[in-house]
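Structure file entry-v3.pdb (PDB, C-alpha atoms, pLDDT in the B column) is printed below.
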```pdb
ATOM      1  CA  MET A 108       9.887  21.308 -12.427  1.00 48.00           C
ATOM      2  CA  THR A 109       9.641  19.927  -8.910  1.00 54.00           C
ATOM      3  CA  PRO A 110       7.947  16.568  -8.249  1.00 54.00           C
ATOM      4  CA  SER A 111       5.110  18.287  -6.382  1.00 59.00           C
ATOM      5  CA  SER A 112       4.246  20.378  -9.461  1.00 71.00           C
ATOM      6  CA  ILE A 113       3.870  17.418 -11.836  1.00 75.00           C
ATOM      7  CA  THR A 114       0.297  16.482 -12.622  1.00 82.00           C
ATOM      8  CA  TYR A 115      -0.934  13.551 -14.684  1.00 83.00           C
ATOM      9  CA  THR A 116      -4.020  11.489 -15.371  1.00 86.00           C
ATOM     10  CA  ASN A 117      -4.383   7.850 -14.403  1.00 89.00           C
ATOM     11  CA  PRO A 118      -4.091   5.872 -16.610  1.00 91.00           C
ATOM     12  CA  ILE A 119      -1.389   7.746 -18.502  1.00 89.00           C
ATOM     13  CA  LEU A 120      -2.501   5.983 -21.700  1.00 92.00           C
ATOM     14  CA  PRO A 121      -6.282   5.503 -21.634  1.00 90.00           C
ATOM     15  CA  GLY A 122      -7.971   3.024 -23.928  1.00 91.00           C
ATOM     16  CA  PHE A 123      -7.236  -0.503 -25.092  1.00 93.00           C
ATOM     17  CA  TYR A 124      -3.519  -0.713 -24.256  1.00 95.00           C
ATOM     18  CA  PRO A 125      -3.009  -3.798 -22.035  1.00 94.00           C
ATOM     19  CA  ASP A 126       0.262  -5.279 -20.729  1.00 94.00           C
ATOM     20  CA  PRO A 127       2.424  -2.152 -21.162  1.00 96.00           C
ATOM     21  CA  SER A 128       6.221  -2.367 -21.221  1.00 97.00           C
ATOM     22  CA  ILE A 129       8.542   0.665 -21.182  1.00 98.00           C
ATOM     23  CA  THR A 130      12.217   1.120 -21.975  1.00 98.00           C
ATOM     24  CA  ARG A 131      14.462   4.157 -21.813  1.00 98.00           C
ATOM     25  CA  ALA A 132      16.869   5.187 -24.572  1.00 98.00           C
ATOM     26  CA  GLU A 133      18.962   8.197 -23.549  1.00 96.00           C
ATOM     27  CA  ASP A 134      16.377  10.915 -22.756  1.00 96.00           C
ATOM     28  CA  ASP A 135      13.460   9.198 -24.462  1.00 98.00           C
ATOM     29  CA  TYR A 136      10.983   6.543 -23.357  1.00 98.00           C
ATOM     30  CA  TYR A 137       9.208   3.978 -25.507  1.00 98.00           C
ATOM     31  CA  LEU A 138       6.148   1.912 -24.635  1.00 98.00           C
ATOM     32  CA  VAL A 139       4.621  -1.162 -26.274  1.00 98.00           C
ATOM     33  CA  CYS A 140       1.550  -3.183 -25.350  1.00 98.00           C
ATOM     34  CA  SER A 141      -0.420  -6.287 -26.304  1.00 97.00           C
ATOM     35  CA  SER A 142      -2.489  -6.253 -29.470  1.00 97.00           C
ATOM     36  CA  PHE A 143      -3.973  -9.784 -29.355  1.00 97.00           C
ATOM     37  CA  GLU A 144      -5.704 -10.773 -32.633  1.00 97.00           C
ATOM     38  CA  TYR A 145      -5.497  -7.329 -34.219  1.00 97.00           C
ATOM     39  CA  PHE A 146      -3.209  -6.273 -37.077  1.00 97.00           C
ATOM     40  CA  PRO A 147      -0.934  -4.364 -37.302  1.00 98.00           C
ATOM     41  CA  GLY A 148       0.425  -5.615 -33.993  1.00 98.00           C
ATOM     42  CA  VAL A 149       2.144  -4.112 -30.961  1.00 98.00           C
ATOM     43  CA  PRO A 150       1.522  -0.354 -31.017  1.00 98.00           C
ATOM     44  CA  ILE A 151       4.560   1.658 -29.948  1.00 98.00           C
ATOM     45  CA  PHE A 152       4.534   5.063 -28.241  1.00 98.00           C
ATOM     46  CA  HIS A 153       7.145   7.730 -27.476  1.00 98.00           C
ATOM     47  CA  SER A 154       7.436  10.076 -24.480  1.00 97.00           C
ATOM     48  CA  GLN A 155      10.017  12.352 -22.897  1.00 97.00           C
ATOM     49  CA  ASP A 156       8.332  12.656 -19.508  1.00 94.00           C
ATOM     50  CA  LEU A 157       6.466   9.326 -18.956  1.00 94.00           C
ATOM     51  CA  ILE A 158       3.201  11.301 -18.920  1.00 93.00           C
ATOM     52  CA  HIS A 159       2.530  12.493 -22.475  1.00 94.00           C
ATOM     53  CA  TRP A 160       2.649   9.715 -25.069  1.00 96.00           C
ATOM     54  CA  THR A 161       2.496   9.820 -28.871  1.00 97.00           C
ATOM     55  CA  GLN A 162       2.030   6.748 -31.009  1.00 98.00           C
ATOM     56  CA  ILE A 163       4.843   6.434 -33.568  1.00 98.00           C
ATOM     57  CA  GLY A 164       3.705   3.257 -35.301  1.00 98.00           C
ATOM     58  CA  HIS A 165       3.363  -0.499 -34.862  1.00 98.00           C
ATOM     59  CA  VAL A 166       6.241  -2.909 -34.324  1.00 98.00           C
ATOM     60  CA  LEU A 167       4.625  -5.739 -36.310  1.00 98.00           C
ATOM     61  CA  ASN A 168       3.208  -4.221 -39.486  1.00 98.00           C
ATOM     62  CA  ARG A 169       4.100  -6.823 -42.137  1.00 98.00           C
ATOM     63  CA  VAL A 170       2.564 -10.233 -42.743  1.00 97.00           C
ATOM     64  CA  SER A 171       6.090 -11.690 -42.683  1.00 97.00           C
ATOM     65  CA  GLN A 172       6.198 -10.616 -39.015  1.00 98.00           C
ATOM     66  CA  LEU A 173       2.626 -11.415 -37.992  1.00 97.00           C
ATOM     67  CA  ASP A 174      -0.353 -13.005 -39.732  1.00 96.00           C
ATOM     68  CA  THR A 175      -3.468 -12.859 -37.550  1.00 94.00           C
ATOM     69  CA  ARG A 176      -6.018 -13.821 -40.200  1.00 93.00           C
ATOM     70  CA  LYS A 177      -6.646 -17.145 -38.421  1.00 91.00           C
ATOM     71  CA  SER A 178      -6.293 -15.793 -34.875  1.00 93.00           C
ATOM     72  CA  LYS A 179      -9.276 -16.205 -32.573  1.00 91.00           C
ATOM     73  CA  SER A 180     -10.563 -13.668 -30.073  1.00 92.00           C
ATOM     74  CA  SER A 181      -7.941 -13.086 -27.337  1.00 90.00           C
ATOM     75  CA  GLY A 182      -5.370 -14.926 -29.431  1.00 94.00           C
ATOM     76  CA  GLY A 183      -2.512 -13.338 -31.348  1.00 97.00           C
ATOM     77  CA  ILE A 184       0.073 -11.283 -29.469  1.00 98.00           C
ATOM     78  CA  PHE A 185       0.528 -11.546 -25.695  1.00 97.00           C
ATOM     79  CA  ALA A 186       2.541  -9.318 -23.341  1.00 96.00           C
ATOM     80  CA  PRO A 187       5.393  -7.787 -25.372  1.00 98.00           C
ATOM     81  CA  THR A 188       8.529  -6.537 -23.632  1.00 98.00           C
ATOM     82  CA  ILE A 189      10.680  -3.760 -25.117  1.00 98.00           C
ATOM     83  CA  ARG A 190      14.376  -3.330 -24.324  1.00 98.00           C
ATOM     84  CA  TYR A 191      17.154  -1.000 -25.543  1.00 98.00           C
ATOM     85  CA  HIS A 192      20.798  -2.061 -25.610  1.00 98.00           C
ATOM     86  CA  GLU A 193      23.794  -0.431 -27.292  1.00 97.00           C
ATOM     87  CA  GLY A 194      21.834   1.382 -29.972  1.00 98.00           C
ATOM     88  CA  THR A 195      19.361  -1.391 -30.794  1.00 98.00           C
ATOM     89  CA  PHE A 196      15.752  -1.848 -29.712  1.00 98.00           C
ATOM     90  CA  TYR A 197      14.406  -5.320 -29.019  1.00 98.00           C
ATOM     91  CA  MET A 198      10.754  -6.329 -28.727  1.00 98.00           C
ATOM     92  CA  ILE A 199      10.091  -9.873 -27.501  1.00 98.00           C
ATOM     93  CA  THR A 200       6.636 -11.426 -27.314  1.00 98.00           C
ATOM     94  CA  THR A 201       4.440 -14.490 -27.831  1.00 98.00           C
ATOM     95  CA  GLU A 202       2.082 -15.231 -30.690  1.00 97.00           C
ATOM     96  CA  VAL A 203      -0.165 -17.836 -29.086  1.00 95.00           C
ATOM     97  CA  HIS A 204      -1.444 -20.521 -31.440  1.00 91.00           C
ATOM     98  CA  GLY A 205       1.079 -19.186 -33.966  1.00 92.00           C
ATOM     99  CA  LYS A 206       4.851 -18.868 -34.132  1.00 94.00           C
ATOM    100  CA  GLY A 207       5.265 -18.915 -30.340  1.00 96.00           C
ATOM    101  CA  ASN A 208       8.006 -16.861 -28.677  1.00 98.00           C
ATOM    102  CA  PHE A 209      10.112 -14.542 -30.826  1.00 98.00           C
ATOM    103  CA  TYR A 210      11.766 -11.137 -30.912  1.00 98.00           C
ATOM    104  CA  VAL A 211      12.367  -8.432 -33.502  1.00 98.00           C
ATOM    105  CA  THR A 212      14.951  -5.645 -33.612  1.00 98.00           C
ATOM    106  CA  ALA A 213      15.277  -2.078 -34.899  1.00 98.00           C
ATOM    107  CA  THR A 214      17.690   0.826 -34.673  1.00 98.00           C
ATOM    108  CA  ASP A 215      14.799   3.277 -35.070  1.00 98.00           C
ATOM    109  CA  PRO A 216      11.832   2.498 -32.772  1.00 98.00           C
ATOM    110  CA  ALA A 217       9.471   3.924 -35.414  1.00 98.00           C
ATOM    111  CA  GLY A 218      10.680   1.135 -37.699  1.00 98.00           C
ATOM    112  CA  PRO A 219      11.285  -0.746 -39.772  1.00 98.00           C
ATOM    113  CA  TRP A 220      11.606  -3.717 -37.409  1.00 98.00           C
ATOM    114  CA  SER A 221      13.225  -6.988 -38.442  1.00 98.00           C
ATOM    115  CA  ASP A 222      11.453 -10.223 -39.260  1.00 98.00           C
ATOM    116  CA  PRO A 223      10.954 -12.495 -36.218  1.00 98.00           C
ATOM    117  CA  ILE A 224      13.801 -14.395 -34.572  1.00 98.00           C
ATOM    118  CA  SER A 225      12.387 -17.425 -32.761  1.00 98.00           C
ATOM    119  CA  ILE A 226      13.538 -18.722 -29.375  1.00 98.00           C
ATOM    120  CA  PRO A 227      13.218 -22.372 -28.387  1.00 96.00           C
ATOM    121  CA  TYR A 228      11.785 -22.577 -24.863  1.00 96.00           C
ATOM    122  CA  GLY A 229       8.903 -21.154 -22.891  1.00 94.00           C
ATOM    123  CA  GLY A 230       5.151 -20.806 -22.818  1.00 94.00           C
ATOM    124  CA  ILE A 231       4.114 -17.138 -22.846  1.00 96.00           C
ATOM    125  CA  ASP A 232       5.356 -13.703 -21.737  1.00 97.00           C
ATOM    126  CA  PRO A 233       9.098 -13.797 -22.530  1.00 98.00           C
ATOM    127  CA  SER A 234      11.400 -10.989 -21.384  1.00 98.00           C
ATOM    128  CA  LEU A 235      15.026 -10.097 -22.204  1.00 98.00           C
ATOM    129  CA  MET A 236      17.767  -9.040 -19.796  1.00 98.00           C
ATOM    130  CA  PHE A 237      21.152  -7.789 -21.021  1.00 98.00           C
ATOM    131  CA  ASP A 238      23.751  -8.449 -18.333  1.00 97.00           C
ATOM    132  CA  GLU A 239      26.914  -6.419 -17.807  1.00 93.00           C
ATOM    133  CA  ASP A 240      29.141  -9.309 -18.939  1.00 95.00           C
ATOM    134  CA  GLY A 241      27.543  -9.366 -22.397  1.00 96.00           C
ATOM    135  CA  LYS A 242      25.280 -12.339 -21.728  1.00 98.00           C
ATOM    136  CA  VAL A 243      21.604 -12.127 -22.664  1.00 98.00           C
ATOM    137  CA  TYR A 244      18.934 -14.013 -20.742  1.00 98.00           C
ATOM    138  CA  VAL A 245      15.353 -14.918 -21.553  1.00 98.00           C
ATOM    139  CA  THR A 246      12.987 -15.168 -18.614  1.00 98.00           C
ATOM    140  CA  THR A 247       9.588 -16.618 -19.466  1.00 97.00           C
ATOM    141  CA  GLN A 248       6.597 -18.561 -18.202  1.00 96.00           C
ATOM    142  CA  GLN A 249       6.137 -22.284 -18.675  1.00 96.00           C
ATOM    143  CA  GLY A 250       3.323 -24.619 -17.715  1.00 95.00           C
ATOM    144  CA  ALA A 251      -0.317 -23.908 -16.940  1.00 93.00           C
ATOM    145  CA  ASP A 252      -2.518 -22.996 -14.005  1.00 93.00           C
ATOM    146  CA  TYR A 253      -1.084 -24.246 -10.688  1.00 94.00           C
ATOM    147  CA  ASP A 254       1.772 -26.012 -12.506  1.00 94.00           C
ATOM    148  CA  SER A 255       3.100 -22.825 -14.143  1.00 95.00           C
ATOM    149  CA  HIS A 256       6.504 -21.428 -13.225  1.00 96.00           C
ATOM    150  CA  ALA A 257       9.218 -19.081 -14.452  1.00 97.00           C
ATOM    151  CA  ILE A 258      12.217 -20.359 -16.384  1.00 98.00           C
ATOM    152  CA  GLN A 259      15.430 -18.695 -17.517  1.00 98.00           C
ATOM    153  CA  TYR A 260      18.124 -19.459 -20.073  1.00 98.00           C
ATOM    154  CA  GLU A 261      20.894 -17.696 -21.986  1.00 98.00           C
ATOM    155  CA  ILE A 262      20.559 -17.040 -25.717  1.00 98.00           C
ATOM    156  CA  ASP A 263      22.690 -15.913 -28.611  1.00 98.00           C
ATOM    157  CA  ILE A 264      21.035 -12.554 -29.296  1.00 98.00           C
ATOM    158  CA  ALA A 265      22.089 -12.667 -32.962  1.00 98.00           C
ATOM    159  CA  THR A 266      20.284 -15.945 -33.718  1.00 98.00           C
ATOM    160  CA  GLY A 267      17.923 -16.693 -30.821  1.00 98.00           C
ATOM    161  CA  ALA A 268      19.635 -20.037 -30.206  1.00 98.00           C
ATOM    162  CA  ALA A 269      19.749 -21.255 -26.605  1.00 98.00           C
ATOM    163  CA  LEU A 270      23.234 -21.334 -25.084  1.00 98.00           C
ATOM    164  CA  THR A 271      22.081 -23.005 -21.859  1.00 98.00           C
ATOM    165  CA  GLU A 272      19.276 -25.339 -20.856  1.00 98.00           C
ATOM    166  CA  PRO A 273      16.282 -23.646 -19.208  1.00 98.00           C
ATOM    167  CA  VAL A 274      16.312 -23.561 -15.406  1.00 97.00           C
ATOM    168  CA  VAL A 275      13.284 -23.062 -13.160  1.00 97.00           C
ATOM    169  CA  ILE A 276      13.929 -19.911 -11.116  1.00 95.00           C
ATOM    170  CA  TRP A 277      10.507 -19.400  -9.503  1.00 95.00           C
ATOM    171  CA  THR A 278       7.673 -21.817  -8.798  1.00 93.00           C
ATOM    172  CA  GLY A 279       5.158 -19.196  -7.733  1.00 91.00           C
ATOM    173  CA  ASP A 280       3.514 -18.147  -4.489  1.00 92.00           C
ATOM    174  CA  GLY A 281       1.025 -20.997  -4.310  1.00 91.00           C
ATOM    175  CA  GLY A 282      -1.501 -19.439  -6.650  1.00 92.00           C
ATOM    176  CA  PRO A 283      -2.212 -20.267 -10.301  1.00 93.00           C
ATOM    177  CA  TRP A 284      -0.661 -18.790 -13.406  1.00 94.00           C
ATOM    178  CA  THR A 285       2.841 -17.659 -12.538  1.00 93.00           C
ATOM    179  CA  GLU A 286       3.464 -15.534 -15.617  1.00 94.00           C
ATOM    180  CA  GLY A 287       4.925 -12.316 -16.991  1.00 95.00           C
ATOM    181  CA  PRO A 288       8.357 -12.785 -15.325  1.00 97.00           C
ATOM    182  CA  HIS A 289      10.961 -10.026 -15.709  1.00 97.00           C
ATOM    183  CA  LEU A 290      14.589 -10.170 -14.537  1.00 97.00           C
ATOM    184  CA  TYR A 291      16.387  -7.007 -13.407  1.00 96.00           C
ATOM    185  CA  LYS A 292      19.860  -6.233 -12.103  1.00 95.00           C
ATOM    186  CA  ILE A 293      20.001  -3.275  -9.715  1.00 95.00           C
ATOM    187  CA  ASN A 294      23.152  -2.299  -7.799  1.00 95.00           C
ATOM    188  CA  GLY A 295      24.710  -5.719  -8.354  1.00 94.00           C
ATOM    189  CA  MET A 296      21.655  -7.695  -7.214  1.00 96.00           C
ATOM    190  CA  TYR A 297      19.270  -9.684  -9.400  1.00 96.00           C
ATOM    191  CA  TYR A 298      15.520  -9.341  -8.934  1.00 96.00           C
ATOM    192  CA  ILE A 299      12.604 -11.149 -10.529  1.00 96.00           C
ATOM    193  CA  MET A 300       9.159  -9.581 -10.785  1.00 96.00           C
ATOM    194  CA  THR A 301       6.296 -11.834 -11.813  1.00 95.00           C
ATOM    195  CA  ALA A 302       2.532 -12.040 -11.813  1.00 94.00           C
ATOM    196  CA  SER A 303       0.333 -14.682 -10.244  1.00 93.00           C
ATOM    197  CA  GLY A 304      -3.345 -15.467  -9.903  1.00 93.00           C
ATOM    198  CA  GLY A 305      -4.507 -15.105 -13.500  1.00 90.00           C
ATOM    199  CA  THR A 306      -6.260 -12.057 -14.919  1.00 85.00           C
ATOM    200  CA  ALA A 307      -9.310 -11.888 -12.654  1.00 86.00           C
ATOM    201  CA  LYS A 308      -9.729 -10.702  -9.046  1.00 88.00           C
ATOM    202  CA  GLU A 309      -6.798 -12.787  -7.708  1.00 90.00           C
ATOM    203  CA  HIS A 310      -4.240 -11.148 -10.023  1.00 91.00           C
ATOM    204  CA  ARG A 311      -1.149  -9.871  -8.168  1.00 93.00           C
ATOM    205  CA  GLU A 312       2.518  -8.956  -8.658  1.00 92.00           C
ATOM    206  CA  ILE A 313       5.367 -10.542  -6.721  1.00 87.00           C
TER
END
```

Could I get this structure in the form of structure tokens?
Amino acid sequence: MTPSSITYTNPILPGFYPDPSITRAEDDYYLVCSSFEYFPGVPIFHSQDLIHWTQIGHVLNRVSQLDTRKSKSSGGIFAPTIRYHEGTFYMITTEVHGKGNFYVTATDPAGPWSDPISIPYGGIDPSLMFDEDGKVYVTTQQGADYDSHAIQYEIDIATGAALTEPVVIWTGDGGPWTEGPHLYKINGMYYIMTASGGTAKEHREI
């Protein structure tokens, strides 16, 4: 199929599926998104073409992973990120007003997923990056409004323990709410992509 013959609808996943994150595992793609105060949490979808998606379950489907019975509207789970590395899937997220930042793991994206592994630093929107030298980095938001920024630190992926102190790597573009930072390595260069401006009309990606 040539690129010019591919057709799709926009959005590719219509409905209440905010903050999507996608990872590739061999020839398959997996997508997760925010679920806020709803349980089970973090719906997960599968696709082989990035256009047609089928839900295969929820990442957080046990109370030992997520208990939203006391969550308020727009609380609960914020901005999950899914990653795949050496046969294991990782989903990292924030439960605001709850357990904070944590990740879970699975060898089958349909589950079961592990109980949460907590990480020590950050506000909301954590992301994982597996470097070529075996190191694993968390990039996350810290602070609020015009004082928010992106921080980064190395963790032990088996335990979640910090191996380095957090370092500020981006202070924003002058607007409020520097959040949702993601670190990538492409052709030997590191790139950070992050949001700014909040969730209203000033929202933007940098």

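Minimum distance to Pro223 (chain A) across A:Leu138, A:Leu157, A:Ile299, A:Val211 (counting only C-alpha atoms) occurs at A:Val211.
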
Neighbour list for region 177-190 of chain A as a PDB file with C-alpha atoms, in the frame of the given file, cut-off 7 Å, all atoms listed in the file, skip fewer than 4 positions in-chain:
```pdb
ATOM      1  CA  ASP A 126       0.262  -5.279 -20.729  1.00 94.00           C
ATOM      2  CA  SER A 128       6.221  -2.367 -21.221  1.00 97.00           C
ATOM      3  CA  ILE A 129       8.542   0.665 -21.182  1.00 98.00           C
ATOM      4  CA  THR A 130      12.217   1.120 -21.975  1.00 98.00           C
ATOM      5  CA  VAL A 139       4.621  -1.162 -26.274  1.00 98.00           C
ATOM      6  CA  CYS A 140       1.550  -3.183 -25.350  1.00 98.00           C
ATOM      7  CA  SER A 141      -0.420  -6.287 -26.304  1.00 97.00           C
ATOM      8  CA  SER A 142      -2.489  -6.253 -29.470  1.00 97.00           C
ATOM      9  CA  PHE A 143      -3.973  -9.784 -29.355  1.00 97.00           C
ATOM     10  CA  GLU A 144      -5.704 -10.773 -32.633  1.00 97.00           C
ATOM     11  CA  PHE A 196      15.752  -1.848 -29.712  1.00 98.00           C
ATOM     12  CA  TYR A 197      14.406  -5.320 -29.019  1.00 98.00           C
ATOM     13  CA  MET A 198      10.754  -6.329 -28.727  1.00 98.00           C
ATOM     14  CA  ILE A 199      10.091  -9.873 -27.501  1.00 98.00           C
ATOM     15  CA  THR A 200       6.636 -11.426 -27.314  1.00 98.00           C
ATOM     16  CA  THR A 201       4.440 -14.490 -27.831  1.00 98.00           C
ATOM     17  CA  GLU A 202       2.082 -15.231 -30.690  1.00 97.00           C
ATOM     18  CA  VAL A 203      -0.165 -17.836 -29.086  1.00 95.00           C
ATOM     19  CA  ASP A 232       5.356 -13.703 -21.737  1.00 97.00           C
ATOM     20  CA  SER A 234      11.400 -10.989 -21.384  1.00 98.00           C
TER      21      SER A 234
END
```

- Write out as a ChimeraX atom specification each polymer residue whose atoms come within 8 Å of Ile224 (chain A), counting all atoms listed in the file; drop sequence neighbours fewer than 5 positions from it. /A:209-211,266-267

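Using all atoms listed in the file, the shortest contact distance between Gly148 (chain A) and any of A:Glu133, A:Pro127, A:Thr175, A:Ile264 is found at A:Thr175.
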
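Here CA of Tyr115 (chain A) and CA of Phe152 (chain A) stand 16.9 Å from one another.
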
- Query: From the set A:Asp222, A:Glu193, A:Asn294, A:Asn208, which residue has the shortest atom-to-atom contact distance to Asn168 (chain A), counting only C-alpha atoms?
  - Reply: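 Result for the nearest residue to Asn168 (chain A): A:Asp222.
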
- Point-to-point distance from CA of Lys308 (chain A) to CA of Tyr291 (chain A), Å rounded to tenths: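 We find that CA of Lys308 (chain A) and CA of Tyr291 (chain A) lie 26.7 Å from each other.
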
Up to 9 Å from (10.8, -12.7, -13.6) in the file's coordinates: name the residues, counting all atoms listed in the file, as an mmCIF file with C-alpha atoms, in the coordinates of the input.
```
data_model
loop_
_atom_site.group_PDB
_atom_site.id
_atom_site.type_symbol
_atom_site.label_atom_id
_atom_site.label_comp_id
_atom_site.auth_asym_id
_atom_site.auth_seq_id
_atom_site.Cartn_x
_atom_site.Cartn_y
_atom_site.Cartn_z
ATOM 1 C CA SER A 234 11.400 -10.989 -21.384
ATOM 2 C CA THR A 246 12.987 -15.168 -18.614
ATOM 3 C CA THR A 247 9.588 -16.618 -19.466
ATOM 4 C CA GLN A 248 6.597 -18.561 -18.202
ATOM 5 C CA ALA A 257 9.218 -19.081 -14.452
ATOM 6 C CA ILE A 258 12.217 -20.359 -16.384
ATOM 7 C CA GLN A 259 15.430 -18.695 -17.517
ATOM 8 C CA ILE A 276 13.929 -19.911 -11.116
ATOM 9 C CA TRP A 277 10.507 -19.400 -9.503
ATOM 10 C CA GLU A 286 3.464 -15.534 -15.617
ATOM 11 C CA GLY A 287 4.925 -12.316 -16.991
ATOM 12 C CA PRO A 288 8.357 -12.785 -15.325
ATOM 13 C CA HIS A 289 10.961 -10.026 -15.709
ATOM 14 C CA LEU A 290 14.589 -10.170 -14.537
ATOM 15 C CA TYR A 291 16.387 -7.007 -13.407
ATOM 16 C CA TYR A 298 15.520 -9.341 -8.934
ATOM 17 C CA ILE A 299 12.604 -11.149 -10.529
ATOM 18 C CA MET A 300 9.159 -9.581 -10.785
ATOM 19 C CA THR A 301 6.296 -11.834 -11.813
ATOM 20 C CA ALA A 302 2.532 -12.040 -11.813
#
```

Please evaluate the PyMOL selection byres ((chain A and resi 134) around 12) against the displayed coordinates and give the resulting residues as a compact mmCIF listing (two decimals) with C-alpha atoms, in the frame of the given file.
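What ended up in out-v2.txt:
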```txt
# COMPACT_ATOMS: atom_id res chain seq x y z
CA THR A 130 12.22 1.12 -21.98
CA ARG A 131 14.46 4.16 -21.81
CA ALA A 132 16.87 5.19 -24.57
CA GLU A 133 18.96 8.20 -23.55
CA ASP A 135 13.46 9.20 -24.46
CA TYR A 136 10.98 6.54 -23.36
CA TYR A 137 9.21 3.98 -25.51
CA HIS A 153 7.14 7.73 -27.48
CA SER A 154 7.44 10.08 -24.48
CA GLN A 155 10.02 12.35 -22.90
CA ASP A 156 8.33 12.66 -19.51
CA LEU A 157 6.47 9.33 -18.96
```

- Query: Between CA of Leu120 (chain A) and CA of Gly164 (chain A), what is the distance, to one decimal in Å?
  - Reply: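 Answer for the CA of Leu120 (chain A) to CA of Gly164 (chain A) separation: 15.2 Å.
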
Which residues fall under the PyMOL selection byres ((chain A and resi 147) around 8) in this file, as a PDB file with C-alpha atoms, in the coordinates of the input?
```pdb
ATOM      1  CA  TYR A 145      -5.497  -7.329 -34.219  1.00 97.00           C
ATOM      2  CA  PHE A 146      -3.209  -6.273 -37.077  1.00 97.00           C
ATOM      3  CA  GLY A 148       0.425  -5.615 -33.993  1.00 98.00           C
ATOM      4  CA  VAL A 149       2.144  -4.112 -30.961  1.00 98.00           C
ATOM      5  CA  PRO A 150       1.522  -0.354 -31.017  1.00 98.00           C
ATOM      6  CA  HIS A 165       3.363  -0.499 -34.862  1.00 98.00           C
ATOM      7  CA  VAL A 166       6.241  -2.909 -34.324  1.00 98.00           C
ATOM      8  CA  LEU A 167       4.625  -5.739 -36.310  1.00 98.00           C
ATOM      9  CA  ASN A 168       3.208  -4.221 -39.486  1.00 98.00           C
ATOM     10  CA  ARG A 169       4.100  -6.823 -42.137  1.00 98.00           C
ATOM     11  CA  LEU A 173       2.626 -11.415 -37.992  1.00 97.00           C
TER      12      LEU A 173
END
```

Expected axis-aligned box over every listed atom of region 137-152 of chain A, 5 Å added per side, centre plus edges in Å to one decimal, as JSON:
```
{"center_x": 1.8, "center_y": -2.9, "center_z": -31.0, "size_x": 24.9, "size_y": 25.8, "size_z": 22.7}
```

- Convert the output of the PyMOL selection byres ((chain A and resi 244) around 8) on the shown file into explicit residues, formatted as a ChimeraX atom specification. /A:235-238,242-243,245-246,259-262

- In terms of all atoms listed in the file, the residue from A:Ala269, A:Gln172, A:Thr214, A:Gly207 at minimal distance from Tyr191 (chain A) is A:Thr214

- For Ile119 (chain A), work out the shell of residues within 10 Å, counting all atoms listed in the file and skipping chain neighbours fewer than 3 positions away, then give it as a ChimeraX atom specification. /A:115-116,122,157-160

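Among A:Gly304, A:Ile293, A:Ala213, A:Glu272, the residue with the shortest atom-to-atom distance to His256 (chain A), counting all atoms listed in the file, is A:Gly304.
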